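Asker: Let me give you the structure first, and then I'll get to my questions.
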Amino acid sequence: MISFASWSVLTVDFLVVLHLSLAGVTLAALLHLVNARWRFDIRLISVAFFSLFPLAFILLLILLFGGSMTFPWVGSFEKLPRWNNLGFLAVREILGFLAVGTLYGLFIRYQAKSEQSPADMHSFRIVAMLIPFAHVLFCTMVAWDFEMTLLPDWESSIYAMYHFVSAFGMFLAVLVLSLYALDKSGAFLQKPGEYLYNYIAQMMLAFTILWVYTFFAQYLIIWYGNMPEETERIWRMQNGEYSTLFWGFFVLKFVIPFVTLVFPFSRYSPKVIITVASSMLLGTWIERYTWISGTYPSAHLPMTGLFDVGVTVVVFGLAVMIVRSKLRNSQIIR
């Protein structure tokens with residue numbers, strides 16, 4: 001029997017893959033809506049991450065099939081909120097996946113032909129306007145289902161925003177790491193401009209500040225209220241078995257990125273930027289694991305078991321292969 005702490009690794013891997021697939025399209029939509037000139041240099045690379053969406057859907061089905069291993073409240077004799085119903089959860093998640101997949105697929109299709117005629121551009125812009133709303137609504141449901149309501153009597157009005165702001169910052173980190181790796185390996189058919197590193201670094205800094213705002217806003221409200229049903233979960237993470245992970249992801253996601261990227265010269269150095277991006281990526285993975293596994297803490301730390309390592313290597317190995325294949329088929333890399 002796999003422990004909840006180890007099974008949580010699979011849940012975290014699912015969330016990372018899902019948000020990478022969604023954020024790529026959302027970034028392209030936002031850059032189009034604000035008429036950013038550099039969108040033409042990054043949008044095809046960005047939307048290539050949506051090729052991970054089918055992998056995320058397969059992982060979702062595995063997690064739903066896992067039932068009580070994914071959601072410990074399944075089978076509880078306590079009176080649960082109606083939201084915590086496995087059948088209802090499965091239906092809304094699958095329907096949400098289908099709706100989002102259809103809309104994001106339309107965006108990519110319209111983006112490819114948006115320059116052909118004014119009518120195509122108009123249709124593309126309408127779909128682009130819907131993307132941010134769909135992203136927020138769907139990611140809110142995902143945040144509630146897979147993290148917030150793991151403890152049925154715990155809630156936070158800002159948790160969803162905290163969740164998808166963190167995930168979007170992670171995508172920016174993965175995006176710049178991908179650019180750097182492909183650039184240095186000579187894989188690009190047409191080398192992107194060096195200025196992309198600076199632009200993405202500025203967005204990384206912005207989302208770092210936004211993330212710490214949501215982190216502290218949630219933390220302050222919970223501790224100011226001082227209600228045991230809310231503070232206990234935070235207390236177990238920051239002072240219990242997972243305290244090293246809790247303060248570790250705070251350093252990796254805020255302290256290192258902020259004190260580095262706040263200085264303009266660092267945002268012009270690709271090597272500094274990818275170092276910060278690596279810190280943000282690792283910090284986000286640990287953050288997700290701490291919130292999920294730390295809900296029911298144990299002495300188990302991530303990546304200390306064969307299942308933890310094996311499932312993560314398989315998931316992200318497949319993810320790299322899928323994105324590279326998409327970039328190659330789109331004639332972006334060799």
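Each chain of the structure tokens is named A, B, ... in the order shown, its residues numbered from 1; ligands are numbered from 1 in display order.
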Near stretch 123-126 of chain A, within 8 Å and counting only C-alpha atoms, which residues show up once chain neighbours fewer than 6 positions away are dropped, as a list of chain:residue names?
Answerer: A:His32, A:Leu33, A:Phe107, A:Tyr110, A:Gln111, A:Ser114
Asker: Please report as JSON lines every residue of stretch 153-259 of chain A lying within 10 Å of stretch 44-48 of chain A, along with the nearest atom pair and their distance in Å (one decimal), using only C-alpha atoms.
Answerer:
```
{"residue": "A:Phe171", "atom": "CA", "partner": "A:Ser46", "partner_atom": "CA", "distance": 9.5}
{"residue": "A:Leu172", "atom": "CA", "partner": "A:Ser46", "partner_atom": "CA", "distance": 9.6}
{"residue": "A:Leu175", "atom": "CA", "partner": "A:Ser46", "partner_atom": "CA", "distance": 7.3}
{"residue": "A:Ser178", "atom": "CA", "partner": "A:Ile45", "partner_atom": "CA", "distance": 9.3}
{"residue": "A:Leu179", "atom": "CA", "partner": "A:Ile45", "partner_atom": "CA", "distance": 8.7}
```
Asker: A:Val315: which residues within 10 Å, counting only C-alpha atoms, same-chain residues fewer than 3 positions away excluded, as a ChimeraX atom specification?
Answerer: /A:10,13-14,17,55-56,59,310-312,318-320
Asker: Please dump the current selection as an mmCIF file, in the first residue's frame; keep N, CA and C atoms.
Answerer:
```cif
data_model
loop_
_atom_site.group_PDB
_atom_site.id
_atom_site.type_symbol
_atom_site.label_atom_id
_atom_site.label_comp_id
_atom_site.auth_asym_id
_atom_site.auth_seq_id
_atom_site.Cartn_x
_atom_site.Cartn_y
_atom_site.Cartn_z
ATOM 1 N N LEU A 10 2.752 12.071 -6.869
ATOM 2 C CA LEU A 10 2.049 11.967 -8.143
ATOM 3 C C LEU A 10 1.075 13.130 -8.319
ATOM 4 N N ASP A 13 3.131 16.166 -9.266
ATOM 5 C CA ASP A 13 3.578 16.068 -10.663
ATOM 6 C C ASP A 13 2.429 16.397 -11.619
ATOM 7 N N PHE A 14 1.232 15.920 -11.285
ATOM 8 C CA PHE A 14 0.053 16.235 -12.099
ATOM 9 C C PHE A 14 -0.195 17.734 -12.139
ATOM 10 N N VAL A 17 2.445 19.548 -14.336
ATOM 11 C CA VAL A 17 2.209 19.322 -15.758
ATOM 12 C C VAL A 17 0.975 20.084 -16.232
ATOM 13 N N LEU A 55 -1.387 14.521 -21.349
ATOM 14 C CA LEU A 55 -0.670 13.842 -20.256
ATOM 15 C C LEU A 55 -1.289 14.209 -18.913
ATOM 16 N N ALA A 56 -1.629 15.489 -18.740
ATOM 17 C CA ALA A 56 -2.274 15.926 -17.499
ATOM 18 C C ALA A 56 -3.611 15.218 -17.307
ATOM 19 N N LEU A 59 -3.046 11.683 -16.087
ATOM 20 C CA LEU A 59 -2.693 11.717 -14.662
ATOM 21 C C LEU A 59 -3.921 11.993 -13.802
ATOM 22 N N GLY A 310 10.616 7.223 -9.088
ATOM 23 C CA GLY A 310 10.206 6.567 -10.320
ATOM 24 C C GLY A 310 9.097 7.307 -11.043
ATOM 25 N N VAL A 311 8.039 7.673 -10.315
ATOM 26 C CA VAL A 311 6.898 8.324 -10.966
ATOM 27 C C VAL A 311 7.277 9.713 -11.474
ATOM 28 N N THR A 312 8.138 10.419 -10.753
ATOM 29 C CA THR A 312 8.550 11.759 -11.175
ATOM 30 C C THR A 312 9.431 11.692 -12.421
ATOM 31 N N LEU A 318 8.497 11.981 -19.875
ATOM 32 C CA LEU A 318 7.485 12.050 -20.933
ATOM 33 C C LEU A 318 7.179 13.493 -21.313
ATOM 34 N N ALA A 319 7.112 14.377 -20.316
ATOM 35 C CA ALA A 319 6.792 15.780 -20.586
ATOM 36 C C ALA A 319 7.838 16.421 -21.480
ATOM 37 N N VAL A 320 9.109 16.180 -21.203
ATOM 38 C CA VAL A 320 10.183 16.743 -22.029
ATOM 39 C C VAL A 320 10.098 16.213 -23.453
#
```
Asker: At what distance in Å, to one decimal, does atom CA of A:Leu130 lie from atom CA of A:Val100?
Answerer: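 So the answer is 10.4 Å.
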Asker: Can you pull out every residue within 9 Å of A:Gly169, counting only C-alpha atoms, but drop anything in the same chain fewer than 6 positions away, and send it as a list of chain:residue names?
Answerer: A:Met203, A:Met204, A:Leu205, A:Ala206, A:Phe207, A:Thr208, A:Trp211, A:Met280, A:Leu281, A:Thr284
Asker: When you count only C-alpha atoms, which of these residues is closest to A:Met227: A:Tyr268, A:Ser298, A:Leu306, A:Glu155?
Answerer: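 Of all the options, A:Glu155 lies closest to A:Met227.
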Asker: Taking only C-alpha atoms into account, name the residue in A:Leu210, A:Ile222, A:Leu196, A:Val9 that is nearest to A:Leu301.
Answerer: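 Answer, going by the shortest atom-to-atom distance: A:Val9.
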Asker: Residues at most 6 Å from stretch 138-143 of chain A, counting only C-alpha atoms, excluding those fewer than 4 positions away in the same chain, as a ChimeraX atom specification?
Answerer: /A:134,147,160
Asker: Calculated over only C-alpha atoms, which of the candidates A:Thr304, A:Asn198, A:Ser166, A:Thr70 has the smallest distance to A:Pro264?
Answerer: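 Answer, going by the shortest atom-to-atom distance: A:Asn198.
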Asker: So that I can check the surroundings of A:Trp291, please list as a ChimeraX atom specification every protein, DNA and RNA residue that reaches within 12 Å of it, counting only C-alpha atoms and ignoring chain neighbours fewer than 5 positions away.
Answerer: /A:5,8-9,11-12,143-144,146-151,159,162-163,233-238,242-243,245-246,249,284-286,296-297
Asker: Output C-alpha atoms for every residue in that selection, as a compact mmCIF listing (two decimals), in the first residue's frame.
Answerer:
```txt
# COMPACT_ATOMS: atom_id res chain seq x y z
CA ALA A 5 2.94 11.09 1.44
CA SER A 8 1.17 13.06 -3.01
CA VAL A 9 4.23 13.14 -5.25
CA THR A 11 -0.53 14.66 -7.32
CA VAL A 12 2.19 17.32 -7.34
CA ALA A 143 -6.77 24.48 -6.31
CA TRP A 144 -9.84 23.75 -4.20
CA PHE A 146 -6.53 19.00 -4.98
CA GLU A 147 -5.24 21.18 -2.15
CA MET A 148 -7.57 23.40 -0.15
CA THR A 149 -10.35 20.91 0.61
CA LEU A 150 -8.04 17.98 1.35
CA LEU A 151 -8.84 19.06 4.89
CA TYR A 159 -6.12 30.23 -1.65
CA TYR A 162 -2.27 32.06 -4.19
CA HIS A 163 -2.20 28.71 -6.01
CA ARG A 233 -2.93 23.31 9.28
CA ILE A 234 -0.40 26.14 8.97
CA TRP A 235 1.08 25.30 12.37
CA ARG A 236 1.69 21.67 11.38
CA MET A 237 3.50 22.73 8.23
CA GLN A 238 5.68 25.50 9.60
CA TYR A 242 7.53 19.59 7.21
CA SER A 243 8.93 22.81 8.68
CA LEU A 245 10.11 22.19 3.44
CA PHE A 246 7.80 25.07 4.44
CA PHE A 249 10.06 26.90 -0.44
CA THR A 284 7.11 25.54 -6.43
CA TRP A 285 7.36 21.73 -6.47
CA ILE A 286 8.22 21.71 -2.76
CA TYR A 296 -1.71 14.85 6.88
CA PRO A 297 1.98 15.07 7.85
```
Asker: Enter the distance from atom CA of A:Gln218 to atom CA of A:Ile292, in Å, rounded to one decimal.
Answerer: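 One can read the atom CA of A:Gln218 to atom CA of A:Ile292 distance as 16.7 Å.
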Asker: Please identify the alpha helix (DSSP H) residues within stretch 33-170 of chain A (assignment by DSSP from backbone atoms) and present them as an MDAnalysis selection string.
Answerer: chainID A and resid 33 39:47 53:66 86:112 118:146 159:170
Asker: Mind writing the picked residues with C-alpha atoms as a tab-separated table (two decimals), in the first residue's frame?
Answerer:
```tsv
chain	number	residue	atom	x	y	z
A	33	LEU	CA	-4.34	41.39	-25.40
A	39	ARG	CA	4.65	38.08	-28.40
A	40	PHE	CA	5.61	37.05	-31.93
A	41	ASP	CA	8.99	35.82	-30.66
A	42	ILE	CA	7.60	33.66	-27.87
A	43	ARG	CA	4.01	32.68	-28.59
A	44	LEU	CA	4.71	29.51	-30.61
A	45	ILE	CA	7.16	28.27	-27.97
A	46	SER	CA	4.72	29.17	-25.21
A	47	VAL	CA	1.68	27.39	-26.65
A	53	PHE	CA	-2.60	18.68	-21.66
A	54	PRO	CA	-3.38	15.05	-22.67
A	55	LEU	CA	-0.67	13.84	-20.26
A	56	ALA	CA	-2.27	15.93	-17.50
A	57	PHE	CA	-5.65	14.35	-18.31
A	58	ILE	CA	-4.21	10.82	-18.03
A	59	LEU	CA	-2.69	11.72	-14.66
A	60	LEU	CA	-6.07	13.11	-13.57
A	61	LEU	CA	-7.77	9.81	-14.37
A	62	ILE	CA	-5.11	7.92	-12.39
A	63	LEU	CA	-5.62	10.21	-9.40
A	64	LEU	CA	-9.41	9.87	-9.61
A	65	PHE	CA	-9.06	6.10	-9.85
A	66	GLY	CA	-6.83	6.29	-6.77
A	86	LEU	CA	-15.76	11.98	-5.15
A	87	GLY	CA	-18.39	11.46	-7.85
A	88	PHE	CA	-19.18	15.17	-8.07
A	89	LEU	CA	-15.45	15.96	-8.04
A	90	ALA	CA	-14.72	13.56	-10.91
A	91	VAL	CA	-17.56	14.94	-13.03
A	92	ARG	CA	-16.62	18.60	-12.57
A	93	GLU	CA	-12.92	17.97	-13.16
A	94	ILE	CA	-13.48	15.94	-16.34
A	95	LEU	CA	-16.03	18.42	-17.70
A	96	GLY	CA	-13.68	21.26	-16.81
A	97	PHE	CA	-10.85	19.54	-18.67
A	98	LEU	CA	-13.00	19.08	-21.76
A	99	ALA	CA	-14.22	22.69	-21.74
A	100	VAL	CA	-10.78	24.19	-21.17
A	101	GLY	CA	-9.17	21.85	-23.69
A	102	THR	CA	-11.68	22.91	-26.34
A	103	LEU	CA	-11.25	26.64	-25.67
A	104	TYR	CA	-7.46	26.54	-25.51
A	105	GLY	CA	-7.36	24.40	-28.65
A	106	LEU	CA	-9.45	27.05	-30.43
A	107	PHE	CA	-7.00	29.73	-29.31
A	108	ILE	CA	-4.05	27.86	-30.80
A	109	ARG	CA	-5.94	27.22	-34.05
A	110	TYR	CA	-7.06	30.84	-34.41
A	111	GLN	CA	-3.60	32.11	-33.50
A	112	ALA	CA	-2.12	30.14	-36.40
A	118	PRO	CA	-9.47	40.86	-40.32
A	119	ALA	CA	-12.26	38.36	-39.61
A	120	ASP	CA	-9.76	35.77	-38.40
A	121	MET	CA	-8.05	38.37	-36.22
A	122	HIS	CA	-11.41	39.37	-34.72
A	123	SER	CA	-12.26	35.76	-33.88
A	124	PHE	CA	-8.80	35.25	-32.42
A	125	ARG	CA	-9.12	38.29	-30.18
A	126	ILE	CA	-12.52	37.16	-28.86
A	127	VAL	CA	-11.10	33.76	-27.91
A	128	ALA	CA	-8.02	35.43	-26.38
A	129	MET	CA	-10.29	37.56	-24.17
A	130	LEU	CA	-11.94	34.40	-22.81
A	131	ILE	CA	-8.68	32.68	-21.91
A	132	PRO	CA	-7.85	34.63	-18.69
A	133	PHE	CA	-11.38	34.06	-17.33
A	134	ALA	CA	-11.23	30.35	-18.14
A	135	HIS	CA	-7.78	30.10	-16.58
A	136	VAL	CA	-8.85	31.69	-13.31
A	137	LEU	CA	-12.09	29.71	-13.00
A	138	PHE	CA	-10.60	26.33	-13.88
A	139	CYS	CA	-7.47	26.81	-11.77
A	140	THR	CA	-9.64	27.89	-8.85
A	141	MET	CA	-11.52	24.57	-9.04
A	142	VAL	CA	-8.26	22.63	-9.30
A	143	ALA	CA	-6.77	24.48	-6.31
A	144	TRP	CA	-9.84	23.75	-4.20
A	145	ASP	CA	-10.15	20.09	-5.21
A	146	PHE	CA	-6.53	19.00	-4.98
A	159	TYR	CA	-6.12	30.23	-1.65
A	160	ALA	CA	-7.03	29.82	-5.31
A	161	MET	CA	-5.28	33.05	-6.28
A	162	TYR	CA	-2.27	32.06	-4.19
A	163	HIS	CA	-2.20	28.71	-6.01
A	164	PHE	CA	-2.37	29.84	-9.63
A	165	VAL	CA	-0.12	32.87	-9.14
A	166	SER	CA	2.50	30.48	-7.82
A	167	ALA	CA	1.98	28.12	-10.75
A	168	PHE	CA	2.22	30.90	-13.34
A	169	GLY	CA	5.52	32.05	-11.86
A	170	MET	CA	6.73	28.46	-12.13
```
Asker: Give me the residues near A:Lys271 as JSON, numbers by chain, where near means some atom within 12 Å (using only C-alpha atoms) and where sequence neighbours in that chain fewer than 4 positions away do not count.
Answerer: {"A": [176, 177, 179, 180, 181, 184, 197, 198, 201, 260, 265, 266, 267, 275, 276, 277, 278]}
Asker: Report the distance between atom CA of A:Leu252 and atom CA of A:Ser279 in Å, rounded to one decimal place.
Answerer: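 That distance, rounded to one decimal, is 5.1 Å.
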